[in-house]
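For reference, run_8.tsv is printed below; it contains TSV, C-alpha atoms.
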```
chain	number	residue	atom	x	y	z
A	1	MET	CA	34.10	-169.50	-197.05
A	2	LYS	CA	33.93	-171.20	-193.77
A	3	SER	CA	30.38	-169.91	-193.21
A	4	GLU	CA	29.28	-171.07	-196.64
A	5	HIS	CA	30.85	-174.46	-196.05
A	6	ARG	CA	28.98	-174.90	-192.80
A	7	HIS	CA	25.75	-173.95	-194.55
A	8	GLU	CA	26.30	-176.58	-197.22
A	9	LEU	CA	27.00	-179.23	-194.58
A	10	LYS	CA	23.72	-178.42	-192.81
A	11	GLU	CA	21.79	-178.65	-196.06
A	12	ASN	CA	23.37	-182.02	-196.79
A	13	GLU	CA	22.48	-183.32	-193.34
A	14	LEU	CA	18.89	-182.09	-193.66
A	15	GLY	CA	18.63	-183.76	-197.00
A	16	LYS	CA	19.58	-187.07	-195.49
A	17	LEU	CA	16.80	-186.94	-192.83
A	18	PRO	CA	13.93	-188.16	-195.06
A	19	VAL	CA	16.02	-191.09	-196.21
A	20	GLN	CA	17.02	-191.94	-192.66
A	21	ALA	CA	13.43	-191.60	-191.43
A	22	GLN	CA	12.15	-193.83	-194.19
A	23	ALA	CA	14.72	-196.48	-193.33
A	24	PHE	CA	13.84	-196.25	-189.61
A	25	LEU	CA	10.12	-196.57	-190.30
A	26	LYS	CA	10.70	-199.55	-192.56
A	27	ALA	CA	12.85	-201.30	-189.98
A	28	HIS	CA	10.55	-200.62	-187.01
A	29	SER	CA	7.11	-200.43	-188.64
A	30	ASN	CA	5.67	-203.30	-186.62
A	31	GLN	CA	6.79	-201.84	-183.28
A	32	ILE	CA	5.43	-198.41	-184.21
A	33	LEU	CA	2.04	-199.86	-185.18
A	34	LEU	CA	1.82	-201.81	-181.94
A	35	ALA	CA	2.69	-198.71	-179.92
A	36	MET	CA	0.03	-196.67	-181.73
A	37	ALA	CA	-2.56	-199.40	-181.15
A	38	ALA	CA	-1.70	-199.55	-177.46
A	39	LEU	CA	-2.00	-195.76	-177.20
A	40	ILE	CA	-5.43	-195.88	-178.84
A	41	VAL	CA	-6.58	-198.58	-176.39
A	42	VAL	CA	-5.39	-196.47	-173.45
A	43	LEU	CA	-7.16	-193.36	-174.75
A	44	VAL	CA	-10.40	-195.28	-175.32
A	45	GLY	CA	-10.15	-196.80	-171.83
A	46	VAL	CA	-9.58	-193.42	-170.21
A	47	THR	CA	-12.54	-191.93	-172.09
A	48	LEU	CA	-14.86	-194.77	-171.06
A	49	TRP	CA	-13.67	-194.59	-167.46
A	50	MET	CA	-14.34	-190.85	-167.32
A	51	ARG	CA	-17.83	-191.32	-168.73
A	52	MET	CA	-18.65	-194.18	-166.37
A	53	SER	CA	-17.22	-192.27	-163.41
A	54	SER	CA	-19.32	-189.23	-164.27
A	55	ALA	CA	-22.48	-191.34	-164.61
A	56	SER	CA	-21.75	-193.16	-161.36
A	57	SER	CA	-21.15	-189.87	-159.53
A	58	SER	CA	-24.41	-188.44	-160.86
A	59	MET	CA	-26.32	-191.52	-159.71
A	60	GLY	CA	-24.59	-191.32	-156.32
A	61	TRP	CA	-25.71	-187.73	-155.75
A	62	THR	CA	-29.26	-188.68	-156.74
A	63	LEU	CA	-29.25	-191.41	-154.08
A	64	TYR	CA	-27.67	-188.98	-151.61
A	65	GLU	CA	-30.53	-186.50	-152.05
A	66	LYS	CA	-33.06	-189.25	-151.32
A	67	ALA	CA	-31.25	-190.76	-148.31
A	68	ASP	CA	-33.00	-190.12	-144.99
A	69	SER	CA	-31.33	-192.47	-142.50
A	70	ALA	CA	-27.92	-193.56	-141.27
A	71	GLU	CA	-28.38	-196.90	-143.03
A	72	ALA	CA	-29.17	-195.26	-146.38
A	73	PHE	CA	-26.10	-193.01	-146.17
A	74	ALA	CA	-23.95	-195.99	-145.15
A	75	THR	CA	-25.04	-197.91	-148.25
A	76	ILE	CA	-23.90	-195.07	-150.53
A	77	ALA	CA	-20.61	-194.65	-148.67
A	78	ASP	CA	-19.88	-198.40	-148.89
A	79	LYS	CA	-20.66	-198.56	-152.62
A	80	MET	CA	-18.74	-195.39	-153.56
A	81	PRO	CA	-15.62	-195.17	-151.38
A	82	LYS	CA	-12.93	-192.59	-152.12
A	83	THR	CA	-15.43	-190.31	-153.87
A	84	GLU	CA	-16.83	-186.99	-152.71
A	85	VAL	CA	-20.39	-188.30	-152.56
A	86	GLY	CA	-19.07	-191.26	-150.56
A	87	GLN	CA	-17.33	-188.91	-148.12
A	88	TRP	CA	-20.46	-186.80	-147.64
A	89	SER	CA	-22.55	-189.92	-147.15
A	90	ARG	CA	-20.19	-191.23	-144.48
A	91	LEU	CA	-20.31	-187.85	-142.74
A	92	ASN	CA	-24.11	-187.82	-142.72
A	93	GLU	CA	-24.21	-191.40	-141.50
A	94	SER	CA	-21.91	-190.46	-138.61
A	95	GLU	CA	-23.91	-187.35	-137.71
A	96	ASN	CA	-27.09	-189.45	-137.64
A	97	TYR	CA	-25.49	-191.96	-135.28
A	98	LEU	CA	-24.19	-189.13	-133.09
A	99	SER	CA	-27.70	-187.70	-132.84
A	100	THR	CA	-29.35	-191.00	-131.89
A	101	GLY	CA	-26.45	-191.79	-129.54
A	102	LEU	CA	-26.99	-188.52	-127.66
A	103	GLN	CA	-30.72	-189.23	-127.37
A	104	ASN	CA	-30.29	-192.81	-126.22
A	105	ALA	CA	-27.58	-191.95	-123.66
A	106	PHE	CA	-30.33	-191.01	-121.19
A	107	LYS	CA	-32.63	-193.98	-121.76
A	108	ASP	CA	-30.77	-196.86	-123.44
A	109	ARG	CA	-27.05	-196.90	-122.68
A	110	LYS	CA	-26.29	-200.09	-124.66
A	111	SER	CA	-27.86	-198.71	-127.82
A	112	ALA	CA	-26.19	-195.33	-127.26
A	113	GLU	CA	-22.72	-196.85	-126.97
A	114	SER	CA	-23.24	-198.78	-130.21
A	115	ASP	CA	-24.36	-195.67	-132.11
A	116	LEU	CA	-21.55	-193.52	-130.72
A	117	LYS	CA	-18.91	-196.09	-131.68
A	118	ARG	CA	-20.23	-196.05	-135.23
A	119	ALA	CA	-20.23	-192.26	-135.22
A	120	GLN	CA	-16.61	-192.08	-134.04
A	121	ALA	CA	-15.44	-194.64	-136.63
A	122	GLY	CA	-17.23	-192.75	-139.40
A	123	PHE	CA	-15.84	-189.34	-138.46
A	124	GLU	CA	-12.32	-190.77	-138.27
A	125	GLU	CA	-12.73	-192.42	-141.68
A	126	VAL	CA	-13.72	-189.10	-143.23
A	127	LEU	CA	-10.81	-187.29	-141.58
A	128	ASN	CA	-8.37	-189.91	-142.88
A	129	SER	CA	-9.62	-189.68	-146.47
A	130	SER	CA	-7.96	-187.62	-149.17
A	131	PRO	CA	-8.53	-185.21	-150.78
A	132	LEU	CA	-10.75	-183.73	-148.09
A	133	PRO	CA	-12.83	-180.62	-148.84
A	134	GLN	CA	-12.69	-177.96	-146.12
A	135	GLU	CA	-16.37	-178.13	-145.15
A	136	LEU	CA	-16.16	-181.91	-144.81
A	137	HIS	CA	-13.04	-181.56	-142.68
A	138	GLU	CA	-14.69	-178.95	-140.47
A	139	ARG	CA	-17.88	-180.90	-139.78
A	140	ALA	CA	-16.10	-184.23	-139.31
A	141	LEU	CA	-13.61	-182.78	-136.81
A	142	TYR	CA	-16.33	-181.03	-134.82
A	143	GLY	CA	-18.47	-184.18	-134.87
A	144	LEU	CA	-15.56	-186.25	-133.58
A	145	ALA	CA	-15.00	-183.79	-130.72
A	146	ARG	CA	-18.68	-184.00	-129.69
A	147	THR	CA	-18.61	-187.80	-129.89
A	148	LEU	CA	-15.50	-188.02	-127.71
A	149	GLU	CA	-17.10	-185.67	-125.17
A	150	THR	CA	-20.22	-187.84	-125.01
A	151	THR	CA	-18.22	-191.02	-124.44
A	152	THR	CA	-15.71	-189.50	-122.03
A	153	GLY	CA	-15.40	-190.32	-118.35
A	154	ARG	CA	-13.33	-188.47	-115.79
A	155	ASP	CA	-10.48	-188.15	-118.30
A	156	THR	CA	-11.69	-185.50	-120.73
A	157	SER	CA	-8.27	-184.87	-122.29
A	158	LYS	CA	-9.04	-186.52	-125.65
A	159	ALA	CA	-12.15	-184.44	-126.21
A	160	VAL	CA	-10.31	-181.27	-125.14
A	161	GLU	CA	-7.49	-182.10	-127.55
A	162	VAL	CA	-9.82	-182.45	-130.52
A	163	TYR	CA	-11.79	-179.30	-129.62
A	164	SER	CA	-8.48	-177.43	-129.38
A	165	LYS	CA	-7.38	-178.77	-132.76
A	166	PHE	CA	-10.70	-177.70	-134.24
A	167	VAL	CA	-10.34	-174.12	-132.96
A	168	GLN	CA	-6.80	-173.88	-134.32
A	169	THR	CA	-7.68	-175.39	-137.69
A	170	PHE	CA	-10.90	-173.43	-138.25
A	171	PRO	CA	-10.55	-170.07	-136.43
A	172	ASN	CA	-13.41	-168.56	-138.47
A	173	SER	CA	-15.87	-171.43	-138.09
A	174	VAL	CA	-19.40	-170.79	-136.85
A	175	TYR	CA	-18.79	-173.67	-134.42
A	176	LYS	CA	-15.74	-171.99	-132.88
A	177	PRO	CA	-17.55	-170.31	-129.91
A	178	LEU	CA	-19.22	-173.60	-128.98
A	179	ALA	CA	-15.95	-175.50	-129.33
A	180	GLU	CA	-14.13	-173.01	-127.10
A	181	SER	CA	-16.91	-173.13	-124.52
A	182	ARG	CA	-16.93	-176.93	-124.38
A	183	MET	CA	-13.14	-177.08	-124.30
A	184	GLU	CA	-12.94	-174.79	-121.27
A	185	ASP	CA	-15.84	-176.49	-119.50
A	186	LEU	CA	-14.29	-179.94	-119.91
A	187	LYS	CA	-11.18	-178.75	-118.06
A	188	LYS	CA	-13.20	-178.02	-114.91
A	189	GLY	CA	-13.33	-180.49	-112.06
A	190	GLY	CA	-17.10	-180.30	-111.76
A	191	THR	CA	-17.61	-181.31	-115.38
A	192	GLN	CA	-15.15	-184.16	-115.03
A	193	GLU	CA	-16.95	-185.38	-111.91
A	194	PHE	CA	-20.28	-185.27	-113.75
A	195	TYR	CA	-19.00	-187.32	-116.69
A	196	ALA	CA	-17.38	-189.81	-114.33
A	197	TRP	CA	-20.75	-190.26	-112.59
A	198	PHE	CA	-22.69	-190.30	-115.86
A	199	GLN	CA	-20.58	-193.11	-117.32
A	200	GLU	CA	-21.41	-195.28	-114.31
A	201	GLN	CA	-25.13	-195.03	-115.00
A	202	ASN	CA	-26.78	-197.71	-117.09
A	203	PRO	CA	-30.26	-196.63	-118.13
A	204	SER	CA	-32.21	-199.20	-120.13
A	205	PRO	CA	-35.64	-199.12	-121.76
A	206	GLU	CA	-38.49	-200.35	-119.56
A	207	ASP	CA	-40.13	-203.63	-120.44
A	208	ARG	CA	-43.41	-203.21	-122.25
A	209	PRO	CA	-46.38	-203.90	-119.94
A	210	LYS	CA	-48.08	-207.16	-120.67
A	211	PRO	CA	-51.73	-206.87	-121.76
A	212	LYS	CA	-54.15	-207.53	-118.93
A	213	ASP	CA	-57.28	-209.69	-119.25
A	214	ALA	CA	-60.11	-207.43	-120.24
A	215	LEU	CA	-62.83	-209.22	-118.26
A	216	PRO	CA	-62.98	-211.86	-115.53
A	217	ALA	CA	-63.92	-215.38	-116.58
A	218	ASN	CA	-67.43	-215.21	-115.02
A	219	HIS	CA	-68.36	-211.87	-116.61
A	220	PRO	CA	-71.56	-212.06	-118.72
A	221	PRO	CA	-71.12	-211.53	-122.46
A	222	ILE	CA	-71.35	-207.99	-123.75
A	223	ASP	CA	-73.69	-207.17	-126.61
A	224	LEU	CA	-71.62	-205.14	-129.08
A	225	THR	CA	-74.43	-204.69	-131.59
A	226	PRO	CA	-74.99	-200.96	-132.25
A	227	LEU	CA	-78.23	-199.65	-130.85
A	228	ASP	CA	-79.39	-198.25	-134.15
A	229	VAL	CA	-79.39	-201.67	-135.84
A	230	LYS	CA	-81.30	-203.62	-133.18
A	231	PRO	CA	-84.60	-205.19	-134.32
A	232	ALA	CA	-87.58	-202.87	-134.01
A	233	ASP	CA	-89.53	-205.34	-131.87
A	234	GLU	CA	-86.71	-205.76	-129.35
A	235	LYS	CA	-87.63	-204.27	-126.03
A	236	ASP	CA	-85.28	-201.67	-124.59
A	237	PRO	CA	-84.65	-202.69	-120.96
A	238	ALA	CA	-84.03	-199.08	-120.01
A	239	ALA	CA	-87.43	-197.86	-121.22
A	240	PRO	CA	-90.19	-197.58	-118.55
A	241	GLU	CA	-93.22	-199.80	-118.95
A	242	SER	CA	-96.66	-198.25	-119.49
A	243	PRO	CA	-99.43	-198.81	-116.92
A	244	ASP	CA	-101.18	-201.33	-119.15
A	245	GLY	CA	-97.99	-203.29	-119.72
A	246	GLY	CA	-97.89	-202.23	-123.37
A	247	GLY	CA	-94.36	-201.04	-123.17
A	248	GLY	CA	-95.12	-197.32	-123.18
A	249	GLY	CA	-97.90	-197.28	-125.82
A	250	GLY	CA	-100.92	-195.01	-125.24
A	251	GLY	CA	-104.08	-196.97	-124.07
A	252	SER	CA	-107.73	-195.98	-124.45
A	253	VAL	CA	-109.42	-194.21	-121.57
```

I'd like the structure from this file rewritten - as structure tokens, please.
Amino acid sequence: MKSEHRHELKENELGKLPVQAQAFLKAHSNQILLAMAALIVVLVGVTLWMRMSSASSSMGWTLYEKADSAEAFATIADKMPKTEVGQWSRLNESENYLSTGLQNAFKDRKSAESDLKRAQAGFEEVLNSSPLPQELHERALYGLARTLETTTGRDTSKAVEVYSKFVQTFPNSVYKPLAESRMEDLKKGGTQEFYAWFQEQNPSPEDRPKPKDALPANHPPIDLTPLDVKPADEKDPAAPESPDGGGGGGGSV
């Protein structure tokens, strides 16, 4: 009996649910409608954002494929921060500045220092971004190590530290042998002496030579008329004169 009684009680409670639900809906209908409307707005907003984000990313990669300079990559990175295409653009911008900085270090120190500062700032920005794909992390860390080596003086510890971190973080990288070689070389006194000396040098581009006057003031004018368009009756001063003074024509005998 007890089991049957419990069964009856459950059926009675279940029977009351529709009535209770109807009363709840009637009492809170306005709040429920507002909540549903808000949910719809959120869903529509999320859908539009995803579509716009996808379109923006596609356009960003198109621009990335066409970029061919540090400035072009910087424009993409500035317009699309915290995106993967923005991260790759910043990396390529930094690698471009590292390349020009290395070239200018031997002929234009002021320009080289400017480029290398930009390279270092860009590599550090990439390394501080999140999430960071492994290949981006690898190239940015190696690029930072090379930049620090280029700008180092006698104290090579910072460059050595980053090279060491690179080797530990990416033990299977294709750059690992180079990183290990540079790390060991930077610990040597001779290398430190060289960088100390190199940082004291200040190469600068030579001034362009000023154009010289082509002719002195008293030089006679030069006839620039092509020979093949001179008048037919004009006498060629280089031609020998004939015996009869006819300018080379055949006379009668």

Check: Could you name the residues that touch Ala70 of chain A at 7 Å or less, counting only C-alpha atoms, but leaving out those on the same chain fewer than 6 positions away, as a count of residues only?
Finding: 3

Separating atom CA of Trp88 of chain A from atom CA of Lys107 of chain A, to the nearest tenth of an Å, is a gap of 29.5 Å

Restricting to only C-alpha atoms, whichever of A:Gln192, A:Pro203, A:Ala77, A:Lys82 is closest to Ser129 of chain A is A:Lys82

Notebook entry, point to check: What's the 10 Å shell around Arg154 of chain A, counting only C-alpha atoms, without same-chain residues fewer than 2 positions away, as a list in words?
Noted result: Thr152, Thr156, Ser157, Leu186, Gly189, Gly190, Thr191, Gln192, Glu193, Phe194, Tyr195, Ala196, Trp197, Phe198 and Gln199 of chain A

For the residues in the current selection, export C-alpha atoms as a short mmCIF file (atom, residue, chain, number, x, y, z; two decimals), in the frame of the given file.
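Once everything was written out, this is again.cif:
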```cif
data_model
loop_
_atom_site.label_atom_id
_atom_site.label_comp_id
_atom_site.auth_asym_id
_atom_site.auth_seq_id
_atom_site.Cartn_x
_atom_site.Cartn_y
_atom_site.Cartn_z
CA THR A 152 -15.71 -189.50 -122.03
CA THR A 156 -11.69 -185.50 -120.73
CA SER A 157 -8.27 -184.87 -122.29
CA LEU A 186 -14.29 -179.94 -119.91
CA GLY A 189 -13.33 -180.49 -112.06
CA GLY A 190 -17.10 -180.30 -111.76
CA THR A 191 -17.61 -181.31 -115.38
CA GLN A 192 -15.15 -184.16 -115.03
CA GLU A 193 -16.95 -185.38 -111.91
CA PHE A 194 -20.28 -185.27 -113.75
CA TYR A 195 -19.00 -187.32 -116.69
CA ALA A 196 -17.38 -189.81 -114.33
CA TRP A 197 -20.75 -190.26 -112.59
CA PHE A 198 -22.69 -190.30 -115.86
CA GLN A 199 -20.58 -193.11 -117.32
#
```

Rounded to one decimal in Å, what is the spacing between atom CA of Ala140 of chain A and atom CA of Val126 of chain A?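 These atoms are spaced 6.7 Å apart.
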
Query - Closest of A:Arg109, A:Lys188, A:Lys176, A:Lys165 to Thr150 of chain A - atom-to-atom distances counting all atoms listed in the file - result: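 Going through A:Arg109, A:Lys188, A:Lys176, A:Lys165 one by one, the smallest distance to Thr150 of chain A is for A:Arg109.
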
Could you check which residues have any atom within 10 Å of (-24.6, -195.4, -145.7), counting all atoms listed in the file with coordinates taken straight from the file, and then list them as a list in words?
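Answer for this query, in the requested form: Tyr64, Ala67, Asp68, Ser69, Ala70, Glu71, Ala72, Phe73, Ala74, Thr75, Ile76, Ala77, Asp78, Lys79, Met80, Gly86, Trp88, Ser89, Arg90, Leu91, Asn92, Glu93 and Ser94 of chain A.
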
- Message: Just checking: using all atoms listed in the file, which residue out of A:Leu148, A:Leu141, A:Met59, A:Leu132 ends up closest to Leu102 of chain A?
- Response: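 Result for the nearest residue to Leu102 of chain A: A:Leu148.
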
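Atom CA of Lys110 of chain A lies 23.8 Å from atom CA of Tyr142 of chain A.
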
Checklist entry - Once you count all atoms listed in the file, which residues end up no further than 12 Å from (-8.4, -186.8, -142.2) in the file's frame, shown as a ChimeraX atom specification? => result /A:87,91,121-134,136-141,144

For Ala145 of chain A, the closest of A:Val85, A:Leu98, A:Val174, A:Ala105 counting all atoms listed in the file is A:Leu98

Enclose all atoms of segment 65-75 of chain A listed in the file in an axis-aligned box, grow every side by 6 Å, and hand back centre and edge lengths in Å to one decimal, as JSON.
```
{"center_x": -28.5, "center_y": -192.2, "center_z": -146.7, "size_x": 21.1, "size_y": 23.4, "size_z": 22.8}
```
